[in-house]
Amino acid sequence: MTSRREEKDRRRAERLAAEQAASEQAHRRRMYSIVVGGILGVAAIAAVAAVALTGSGGGSSDNPKDLPAPKESYSGATSPPTQIETDLFKAADAAGCDLRNPAIEGRTHITPDQKVKYGTNPPTSGNHDPIPATDGVYSQAPTALQIRHFVHTLEHGRIEIQYAPSLAKRRVNQLGGLFNDDPYHMVMFPNRAMPYDVAVTAWGHVLGCKKVDDKMFDAIRDFRDRYRDQGPENVP
């Protein structure tokens, strides 16, 4: 009888111990869920705050502080010559423009104190400022530091129309008319440092024209249509 009672007590003790262990494990699971839930909640709040801060002034859609705000269209534009040639290579040859595809020089973000030397003028790729220049028309020629913003813009698939400040006003107005006809993902600005009267750049490509005539406008249109949105980063 004593043996049966001891066996019964032993089994009861084992059952109680198992129940206690299960209870403690359930408690630990509940506590873990509470802690993890709290962490995720804090993380979610931080993420929302980060998005809010980005949208209020830190996003890539904001223009760099050292650049003037561009205009959405060119003021005083006149109609460019009517398009005739739709083949880029034929149009460039007819206009006497250089059409080149320089090697990619890099695409790392750098700070203003870091040096960078571009292998082409105007640049078609290379390390650049973390903040791109926004689309639109700029009235001032960028400095050597500011051009780094425009190199970043090329990386985003934009087309940049650049002209010498000495270019005849009639031709600048026609370039403005070409810009206004199709300003999507386009940038236009004067460039006092390049060896061309007009140059059009995309990431890894340049159309450089040392003289300006009506045929040049076909080359610009064809260049734009061929290389727009072809950069390594697809940014709306």
# chains A, B, ... in the order shown; residues from 1 in each chain; ligands from 1
>>> residues_around(residues="A:Glu85", least_positions_apart="2", cutoff="12 Å", atoms="only C-alpha atoms", output="PDB file with N, CA and C atoms, in the first residue's frame")
ATOM      1  N   PRO A  81      13.196  75.493 -84.981  1.00  0.00           N
ATOM      2  CA  PRO A  81      12.941  75.011 -86.346  1.00  0.00           C
ATOM      3  C   PRO A  81      12.181  73.694 -86.334  1.00  0.00           C
ATOM      4  N   THR A  82      11.344  73.498 -87.317  1.00  0.00           N
ATOM      5  CA  THR A  82      10.541  72.279 -87.419  1.00  0.00           C
ATOM      6  C   THR A  82      11.454  71.060 -87.606  1.00  0.00           C
ATOM      7  N   GLN A  83      11.106  69.978 -86.936  1.00  0.00           N
ATOM      8  CA  GLN A  83      11.925  68.775 -87.036  1.00  0.00           C
ATOM      9  C   GLN A  83      11.819  68.139 -88.414  1.00  0.00           C
ATOM     10  N   ASP A  87      16.755  60.605 -87.171  1.00  0.00           N
ATOM     11  CA  ASP A  87      17.858  59.703 -86.860  1.00  0.00           C
ATOM     12  C   ASP A  87      18.968  60.500 -86.178  1.00  0.00           C
ATOM     13  N   LEU A  88      19.323  60.136 -84.953  1.00  0.00           N
ATOM     14  CA  LEU A  88      20.277  60.909 -84.179  1.00  0.00           C
ATOM     15  C   LEU A  88      21.619  61.037 -84.890  1.00  0.00           C
ATOM     16  N   PHE A  89      22.143  59.949 -85.396  1.00  0.00           N
ATOM     17  CA  PHE A  89      23.480  59.971 -85.978  1.00  0.00           C
ATOM     18  C   PHE A  89      23.516  60.816 -87.256  1.00  0.00           C
ATOM     19  N   LYS A  90      22.491  60.716 -88.067  1.00  0.00           N
ATOM     20  CA  LYS A  90      22.416  61.537 -89.274  1.00  0.00           C
ATOM     21  C   LYS A  90      22.236  63.012 -88.905  1.00  0.00           C
ATOM     22  N   ALA A  91      21.413  63.281 -87.895  1.00  0.00           N
ATOM     23  CA  ALA A  91      21.164  64.663 -87.492  1.00  0.00           C
ATOM     24  C   ALA A  91      22.426  65.303 -86.927  1.00  0.00           C
ATOM     25  N   ALA A  92      23.165  64.557 -86.085  1.00  0.00           N
ATOM     26  CA  ALA A  92      24.405  65.083 -85.505  1.00  0.00           C
ATOM     27  C   ALA A  92      25.433  65.366 -86.592  1.00  0.00           C
ATOM     28  N   ASP A  93      25.530  64.456 -87.558  1.00  0.00           N
ATOM     29  CA  ASP A  93      26.487  64.641 -88.656  1.00  0.00           C
ATOM     30  C   ASP A  93      26.104  65.838 -89.513  1.00  0.00           C
ATOM     31  N   ALA A  94      24.826  66.001 -89.803  1.00  0.00           N
ATOM     32  CA  ALA A  94      24.368  67.121 -90.624  1.00  0.00           C
ATOM     33  C   ALA A  94      24.615  68.459 -89.933  1.00  0.00           C
ATOM     34  N   ALA A  95      24.493  68.466 -88.585  1.00  0.00           N
ATOM     35  CA  ALA A  95      24.682  69.702 -87.824  1.00  0.00           C
ATOM     36  C   ALA A  95      26.147  69.972 -87.505  1.00  0.00           C
ATOM     37  N   ASP A 214      20.068  75.632 -87.797  1.00  0.00           N
ATOM     38  CA  ASP A 214      18.750  75.019 -87.637  1.00  0.00           C
ATOM     39  C   ASP A 214      18.823  73.497 -87.509  1.00  0.00           C
ATOM     40  N   LYS A 215      19.805  72.871 -88.152  1.00  0.00           N
ATOM     41  CA  LYS A 215      19.917  71.419 -88.120  1.00  0.00           C
ATOM     42  C   LYS A 215      20.244  70.891 -86.720  1.00  0.00           C
ATOM     43  N   MET A 216      20.864  71.728 -85.897  1.00  0.00           N
ATOM     44  CA  MET A 216      21.232  71.306 -84.552  1.00  0.00           C
ATOM     45  C   MET A 216      20.017  70.904 -83.724  1.00  0.00           C
ATOM     46  N   PHE A 217      18.889  71.545 -83.949  1.00  0.00           N
ATOM     47  CA  PHE A 217      17.711  71.286 -83.137  1.00  0.00           C
ATOM     48  C   PHE A 217      17.175  69.871 -83.352  1.00  0.00           C
ATOM     49  N   ASP A 218      17.317  69.350 -84.573  1.00  0.00           N
ATOM     50  CA  ASP A 218      16.933  67.954 -84.804  1.00  0.00           C
ATOM     51  C   ASP A 218      17.831  67.021 -83.996  1.00  0.00           C
ATOM     52  N   ALA A 219      19.130  67.309 -83.959  1.00  0.00           N
ATOM     53  CA  ALA A 219      20.067  66.476 -83.206  1.00  0.00           C
ATOM     54  C   ALA A 219      19.727  66.487 -81.719  1.00  0.00           C
ATOM     55  N   ILE A 220      19.339  67.644 -81.200  1.00  0.00           N
ATOM     56  CA  ILE A 220      18.979  67.733 -79.774  1.00  0.00           C
ATOM     57  C   ILE A 220      17.726  66.909 -79.494  1.00  0.00           C
ATOM     58  N   ARG A 221      16.717  67.041 -80.335  1.00  0.00           N
ATOM     59  CA  ARG A 221      15.485  66.273 -80.134  1.00  0.00           C
ATOM     60  C   ARG A 221      15.767  64.765 -80.183  1.00  0.00           C
ATOM     61  N   ASP A 222      16.551  64.359 -81.169  1.00  0.00           N
ATOM     62  CA  ASP A 222      16.833  62.933 -81.317  1.00  0.00           C
ATOM     63  C   ASP A 222      17.656  62.401 -80.139  1.00  0.00           C
ATOM     64  N   PHE A 223      18.601  63.205 -79.672  1.00  0.00           N
ATOM     65  CA  PHE A 223      19.404  62.836 -78.504  1.00  0.00           C
ATOM     66  C   PHE A 223      18.505  62.673 -77.283  1.00  0.00           C
TER      67      PHE A 223
END
>>> select_by_dssp(residues="stretch 34-224 of chain A", states="strand (DSSP E)", output="list in words")
Asp98, Leu99, Arg100, Gly136, Val137, Ile159, Glu160, Ile161, Gln162, Tyr163, Met186, Val187, Met188, Phe189, Pro190, Val198, Ala199, Val200, Thr201, Ala202, His205, Val206, Leu207, Gly208 and Cys209 of chain A
>>> atom_distance(atom1="atom CA of A:Met186", atom2="atom CA of A:Pro102")
20.6 Å
>>> residues_around(residues="A:Glu160", least_positions_apart="5", cutoff="7 Å", atoms="only C-alpha atoms", output="ChimeraX atom specification")
/A:186-188,200-202
>>> write_last_selection(atoms="C-alpha atoms", output="JSON list (two decimals), in the first residue's frame")
[["chain", "number", "residue", "atom", "x", "y", "z"],
["A", 186, "MET", "CA", 14.70, 68.00, -68.71],
["A", 187, "VAL", "CA", 17.13, 70.61, -67.38],
["A", 188, "MET", "CA", 18.41, 73.75, -69.11],
["A", 200, "VAL", "CA", 23.33, 68.26, -74.48],
["A", 201, "THR", "CA", 24.24, 65.58, -71.94],
["A", 202, "ALA", "CA", 22.83, 62.34, -70.61]]
>>> closest_residue(among="A:Glu155, A:Asp135, A:Asp181, A:Glu72", to="A:Asn234", atoms="only C-alpha atoms")
A:Glu155
>>> atom_distance(atom1="atom CA of A:Tyr184", atom2="atom CA of A:Leu67")
20.1 Å
>>> residues_around(residues="A:Gln162", least_positions_apart="3", cutoff="10 Å", atoms="only C-alpha atoms", output="PyMOL selection string")
chain A and resi 122+138+141+159+165+172+175+187-192+194+196-201+208
>>> write_last_selection(atoms="N, CA and C atoms", output="compact mmCIF listing (two decimals), in the first residue's frame")
# COMPACT_ATOMS: atom_id res chain seq x y z
N PRO A 122 31.21 69.25 -71.08
CA PRO A 122 30.66 69.08 -69.74
C PRO A 122 30.68 67.62 -69.28
N TYR A 138 17.39 76.92 -65.36
CA TYR A 138 18.23 77.73 -64.48
C TYR A 138 18.79 78.90 -65.28
N ALA A 141 24.78 80.18 -64.59
CA ALA A 141 25.71 79.08 -64.86
C ALA A 141 26.22 78.50 -63.55
N ILE A 159 17.98 64.75 -69.10
CA ILE A 159 18.70 65.34 -70.23
C ILE A 159 18.95 66.80 -69.89
N PRO A 165 26.97 81.36 -72.43
CA PRO A 165 26.30 82.64 -72.16
C PRO A 165 26.41 83.63 -73.32
N VAL A 172 19.11 81.12 -78.02
CA VAL A 172 18.74 80.71 -76.66
C VAL A 172 17.23 80.61 -76.53
N LEU A 175 16.13 77.45 -78.07
CA LEU A 175 16.39 76.33 -77.16
C LEU A 175 15.32 76.27 -76.08
N VAL A 187 16.47 69.51 -68.09
CA VAL A 187 17.13 70.61 -67.38
C VAL A 187 17.79 71.50 -68.43
N MET A 188 17.78 72.80 -68.19
CA MET A 188 18.41 73.75 -69.11
C MET A 188 19.13 74.82 -68.30
N PHE A 189 20.38 75.12 -68.70
CA PHE A 189 21.13 76.15 -67.97
C PHE A 189 22.32 76.62 -68.81
N PRO A 190 22.81 77.85 -68.55
CA PRO A 190 24.02 78.32 -69.23
C PRO A 190 25.26 77.65 -68.63
N ASN A 191 26.29 77.49 -69.45
CA ASN A 191 27.55 76.88 -68.99
C ASN A 191 28.69 77.68 -69.61
N ARG A 192 29.41 78.40 -68.76
CA ARG A 192 30.47 79.27 -69.26
C ARG A 192 31.81 78.55 -69.40
N MET A 194 32.41 75.30 -70.81
CA MET A 194 32.56 74.23 -71.81
C MET A 194 33.06 74.78 -73.15
N TYR A 196 31.86 74.34 -76.10
CA TYR A 196 30.81 74.29 -77.12
C TYR A 196 29.89 75.49 -77.00
N ASP A 197 29.24 75.83 -78.10
CA ASP A 197 28.17 76.82 -78.03
C ASP A 197 26.93 76.20 -77.38
N VAL A 198 26.67 74.94 -77.72
CA VAL A 198 25.55 74.19 -77.14
C VAL A 198 26.01 72.76 -76.90
N ALA A 199 25.65 72.22 -75.76
CA ALA A 199 25.92 70.81 -75.48
C ALA A 199 24.70 70.22 -74.80
N VAL A 200 24.43 68.98 -75.11
CA VAL A 200 23.33 68.26 -74.48
C VAL A 200 23.93 66.98 -73.89
N THR A 201 23.64 66.72 -72.62
CA THR A 201 24.24 65.58 -71.94
C THR A 201 23.19 64.65 -71.36
N GLY A 208 27.89 67.61 -78.52
CA GLY A 208 28.52 68.92 -78.41
C GLY A 208 28.57 69.63 -79.75
>>> select_by_dssp(residues="stretch 140-223 of chain A", states="alpha helix (DSSP H)", output="ChimeraX atom specification")
/A:147-155,169-181,215-223
>>> residues_around(residues="A:Arg148", least_positions_apart="5", cutoff="12 Å", atoms="only C-alpha atoms", output="JSON, numbers by chain")
{"A": [64, 66, 67, 107, 108, 109, 110, 111, 112, 114, 115, 116, 117, 118, 122, 123, 124, 125, 126, 127, 128, 129, 130, 131, 132, 133, 142, 143, 153, 154, 155]}
>>> atom_distance(atom1="atom CA of A:Val151", atom2="atom CA of A:Val212")
24.4 Å
>>> decode(residues="stretch 103-151 of chain A", atoms="N, CA and C atoms", output="mmCIF file, in the first residue's frame")
data_model
loop_
_atom_site.group_PDB
_atom_site.id
_atom_site.type_symbol
_atom_site.label_atom_id
_atom_site.label_comp_id
_atom_site.auth_asym_id
_atom_site.auth_seq_id
_atom_site.Cartn_x
_atom_site.Cartn_y
_atom_site.Cartn_z
ATOM 1 N N ALA A 103 33.442 56.845 -71.343
ATOM 2 C CA ALA A 103 33.384 55.798 -70.323
ATOM 3 C C ALA A 103 32.836 56.362 -69.019
ATOM 4 N N ILE A 104 32.095 55.540 -68.289
ATOM 5 C CA ILE A 104 31.543 55.951 -66.994
ATOM 6 C C ILE A 104 32.687 56.095 -65.988
ATOM 7 N N GLU A 105 32.700 57.237 -65.291
ATOM 8 C CA GLU A 105 33.807 57.570 -64.399
ATOM 9 C C GLU A 105 33.530 57.272 -62.924
ATOM 10 N N GLY A 106 32.346 56.758 -62.621
ATOM 11 C CA GLY A 106 31.994 56.510 -61.226
ATOM 12 C C GLY A 106 30.661 57.144 -60.895
ATOM 13 N N ARG A 107 30.136 56.831 -59.713
ATOM 14 C CA ARG A 107 28.849 57.400 -59.301
ATOM 15 C C ARG A 107 28.724 57.418 -57.782
ATOM 16 N N THR A 108 29.817 57.711 -57.091
ATOM 17 C CA THR A 108 29.832 57.760 -55.630
ATOM 18 C C THR A 108 29.454 59.152 -55.141
ATOM 19 N N HIS A 109 28.730 59.222 -54.026
ATOM 20 C CA HIS A 109 28.400 60.507 -53.417
ATOM 21 C C HIS A 109 29.620 61.051 -52.675
ATOM 22 N N ILE A 110 29.886 62.332 -52.854
ATOM 23 C CA ILE A 110 31.032 62.964 -52.212
ATOM 24 C C ILE A 110 30.590 64.244 -51.518
ATOM 25 N N THR A 111 31.415 64.710 -50.592
ATOM 26 C CA THR A 111 31.152 65.948 -49.861
ATOM 27 C C THR A 111 31.879 67.099 -50.558
ATOM 28 N N PRO A 112 31.482 68.363 -50.281
ATOM 29 C CA PRO A 112 32.112 69.502 -50.959
ATOM 30 C C PRO A 112 33.624 69.578 -50.789
ATOM 31 N N ASP A 113 34.146 69.056 -49.688
ATOM 32 C CA ASP A 113 35.587 69.136 -49.459
ATOM 33 C C ASP A 113 36.373 68.052 -50.206
ATOM 34 N N GLN A 114 35.670 67.092 -50.783
ATOM 35 C CA GLN A 114 36.346 66.055 -51.556
ATOM 36 C C GLN A 114 36.536 66.514 -52.996
ATOM 37 N N LYS A 115 37.689 66.188 -53.552
ATOM 38 C CA LYS A 115 38.014 66.621 -54.909
ATOM 39 C C LYS A 115 37.513 65.610 -55.935
ATOM 40 N N VAL A 116 37.089 66.130 -57.070
ATOM 41 C CA VAL A 116 36.697 65.281 -58.194
ATOM 42 C C VAL A 116 37.053 66.017 -59.480
ATOM 43 N N LYS A 117 37.607 65.290 -60.433
ATOM 44 C CA LYS A 117 37.953 65.861 -61.723
ATOM 45 C C LYS A 117 37.252 65.060 -62.801
ATOM 46 N N TYR A 118 36.417 65.724 -63.572
ATOM 47 C CA TYR A 118 35.649 65.043 -64.602
ATOM 48 C C TYR A 118 36.459 64.940 -65.892
ATOM 49 N N GLY A 119 36.360 63.798 -66.540
ATOM 50 C CA GLY A 119 37.135 63.545 -67.746
ATOM 51 C C GLY A 119 36.548 64.145 -68.995
ATOM 52 N N THR A 120 35.304 64.623 -68.931
ATOM 53 C CA THR A 120 34.677 65.273 -70.078
ATOM 54 C C THR A 120 34.179 66.647 -69.667
ATOM 55 N N ASN A 121 34.037 67.528 -70.626
ATOM 56 C CA ASN A 121 33.527 68.872 -70.371
ATOM 57 C C ASN A 121 32.512 69.216 -71.468
ATOM 58 N N PRO A 122 31.209 69.253 -71.082
ATOM 59 C CA PRO A 122 30.657 69.080 -69.742
ATOM 60 C C PRO A 122 30.679 67.619 -69.279
ATOM 61 N N PRO A 123 30.567 67.400 -67.966
ATOM 62 C CA PRO A 123 30.615 66.030 -67.440
ATOM 63 C C PRO A 123 29.433 65.186 -67.926
ATOM 64 N N THR A 124 29.688 63.900 -68.081
ATOM 65 C CA THR A 124 28.624 62.967 -68.454
ATOM 66 C C THR A 124 28.454 61.856 -67.428
ATOM 67 N N SER A 125 29.325 61.795 -66.434
ATOM 68 C CA SER A 125 29.220 60.821 -65.345
ATOM 69 C C SER A 125 30.280 61.181 -64.322
ATOM 70 N N GLY A 126 30.349 60.408 -63.247
ATOM 71 C CA GLY A 126 31.371 60.635 -62.231
ATOM 72 C C GLY A 126 30.782 60.813 -60.856
ATOM 73 N N ASN A 127 31.652 60.846 -59.864
ATOM 74 C CA ASN A 127 31.224 61.061 -58.484
ATOM 75 C C ASN A 127 30.589 62.435 -58.357
ATOM 76 N N HIS A 128 29.631 62.565 -57.444
ATOM 77 C CA HIS A 128 28.821 63.778 -57.432
ATOM 78 C C HIS A 128 28.240 64.063 -56.057
ATOM 79 N N ASP A 129 27.616 65.232 -55.937
ATOM 80 C CA ASP A 129 26.971 65.640 -54.689
ATOM 81 C C ASP A 129 25.765 64.742 -54.403
ATOM 82 N N PRO A 130 25.506 64.449 -53.117
ATOM 83 C CA PRO A 130 24.368 63.582 -52.777
ATOM 84 C C PRO A 130 23.009 64.146 -53.173
ATOM 85 N N ILE A 131 22.901 65.470 -53.352
ATOM 86 C CA ILE A 131 21.612 66.085 -53.676
ATOM 87 C C ILE A 131 21.600 66.496 -55.143
ATOM 88 N N PRO A 132 20.692 65.952 -55.945
ATOM 89 C CA PRO A 132 20.644 66.322 -57.367
ATOM 90 C C PRO A 132 19.956 67.662 -57.583
ATOM 91 N N ALA A 133 20.320 68.310 -58.672
ATOM 92 C CA ALA A 133 19.579 69.497 -59.098
ATOM 93 C C ALA A 133 18.213 69.049 -59.619
ATOM 94 N N THR A 134 17.188 69.816 -59.325
ATOM 95 C CA THR A 134 15.851 69.456 -59.778
ATOM 96 C C THR A 134 15.636 69.874 -61.232
ATOM 97 N N ASP A 135 14.614 69.309 -61.845
ATOM 98 C CA ASP A 135 14.305 69.602 -63.244
ATOM 99 C C ASP A 135 13.893 71.067 -63.399
ATOM 100 N N GLY A 136 14.119 71.605 -64.602
ATOM 101 C CA GLY A 136 13.669 72.959 -64.870
ATOM 102 C C GLY A 136 14.730 73.799 -65.550
ATOM 103 N N VAL A 137 14.463 75.108 -65.613
ATOM 104 C CA VAL A 137 15.330 76.058 -66.300
ATOM 105 C C VAL A 137 16.062 76.914 -65.269
ATOM 106 N N TYR A 138 17.389 76.922 -65.356
ATOM 107 C CA TYR A 138 18.232 77.735 -64.478
ATOM 108 C C TYR A 138 18.788 78.901 -65.278
ATOM 109 N N SER A 139 18.782 80.089 -64.681
ATOM 110 C CA SER A 139 19.249 81.280 -65.387
ATOM 111 C C SER A 139 20.723 81.560 -65.141
ATOM 112 N N GLN A 140 21.316 80.915 -64.138
ATOM 113 C CA GLN A 140 22.709 81.157 -63.811
ATOM 114 C C GLN A 140 23.559 79.930 -64.123
ATOM 115 N N ALA A 141 24.780 80.179 -64.587
ATOM 116 C CA ALA A 141 25.706 79.084 -64.862
ATOM 117 C C ALA A 141 26.217 78.502 -63.546
ATOM 118 N N PRO A 142 26.251 77.192 -63.402
ATOM 119 C CA PRO A 142 26.735 76.592 -62.162
ATOM 120 C C PRO A 142 28.243 76.742 -62.005
ATOM 121 N N THR A 143 28.684 76.816 -60.753
ATOM 122 C CA THR A 143 30.112 76.831 -60.460
ATOM 123 C C THR A 143 30.655 75.405 -60.534
ATOM 124 N N ALA A 144 31.970 75.285 -60.334
ATOM 125 C CA ALA A 144 32.592 73.962 -60.372
ATOM 126 C C ALA A 144 32.021 73.051 -59.291
ATOM 127 N N LEU A 145 31.691 73.620 -58.125
ATOM 128 C CA LEU A 145 31.084 72.810 -57.066
ATOM 129 C C LEU A 145 29.630 72.488 -57.390
ATOM 130 N N GLN A 146 28.910 73.458 -57.928
ATOM 131 C CA GLN A 146 27.490 73.248 -58.214
ATOM 132 C C GLN A 146 27.261 72.235 -59.329
ATOM 133 N N ILE A 147 28.212 72.128 -60.263
ATOM 134 C CA ILE A 147 28.017 71.192 -61.376
ATOM 135 C C ILE A 147 27.883 69.765 -60.866
ATOM 136 N N ARG A 148 28.371 69.488 -59.662
ATOM 137 C CA ARG A 148 28.253 68.146 -59.093
ATOM 138 C C ARG A 148 26.791 67.762 -58.870
ATOM 139 N N HIS A 149 25.946 68.751 -58.576
ATOM 140 C CA HIS A 149 24.511 68.469 -58.450
ATOM 141 C C HIS A 149 23.928 68.019 -59.791
ATOM 142 N N PHE A 150 24.389 68.642 -60.858
ATOM 143 C CA PHE A 150 23.850 68.331 -62.177
ATOM 144 C C PHE A 150 24.345 66.979 -62.686
ATOM 145 N N VAL A 151 25.526 66.566 -62.243
ATOM 146 C CA VAL A 151 25.997 65.221 -62.584
ATOM 147 C C VAL A 151 25.092 64.180 -61.915
#
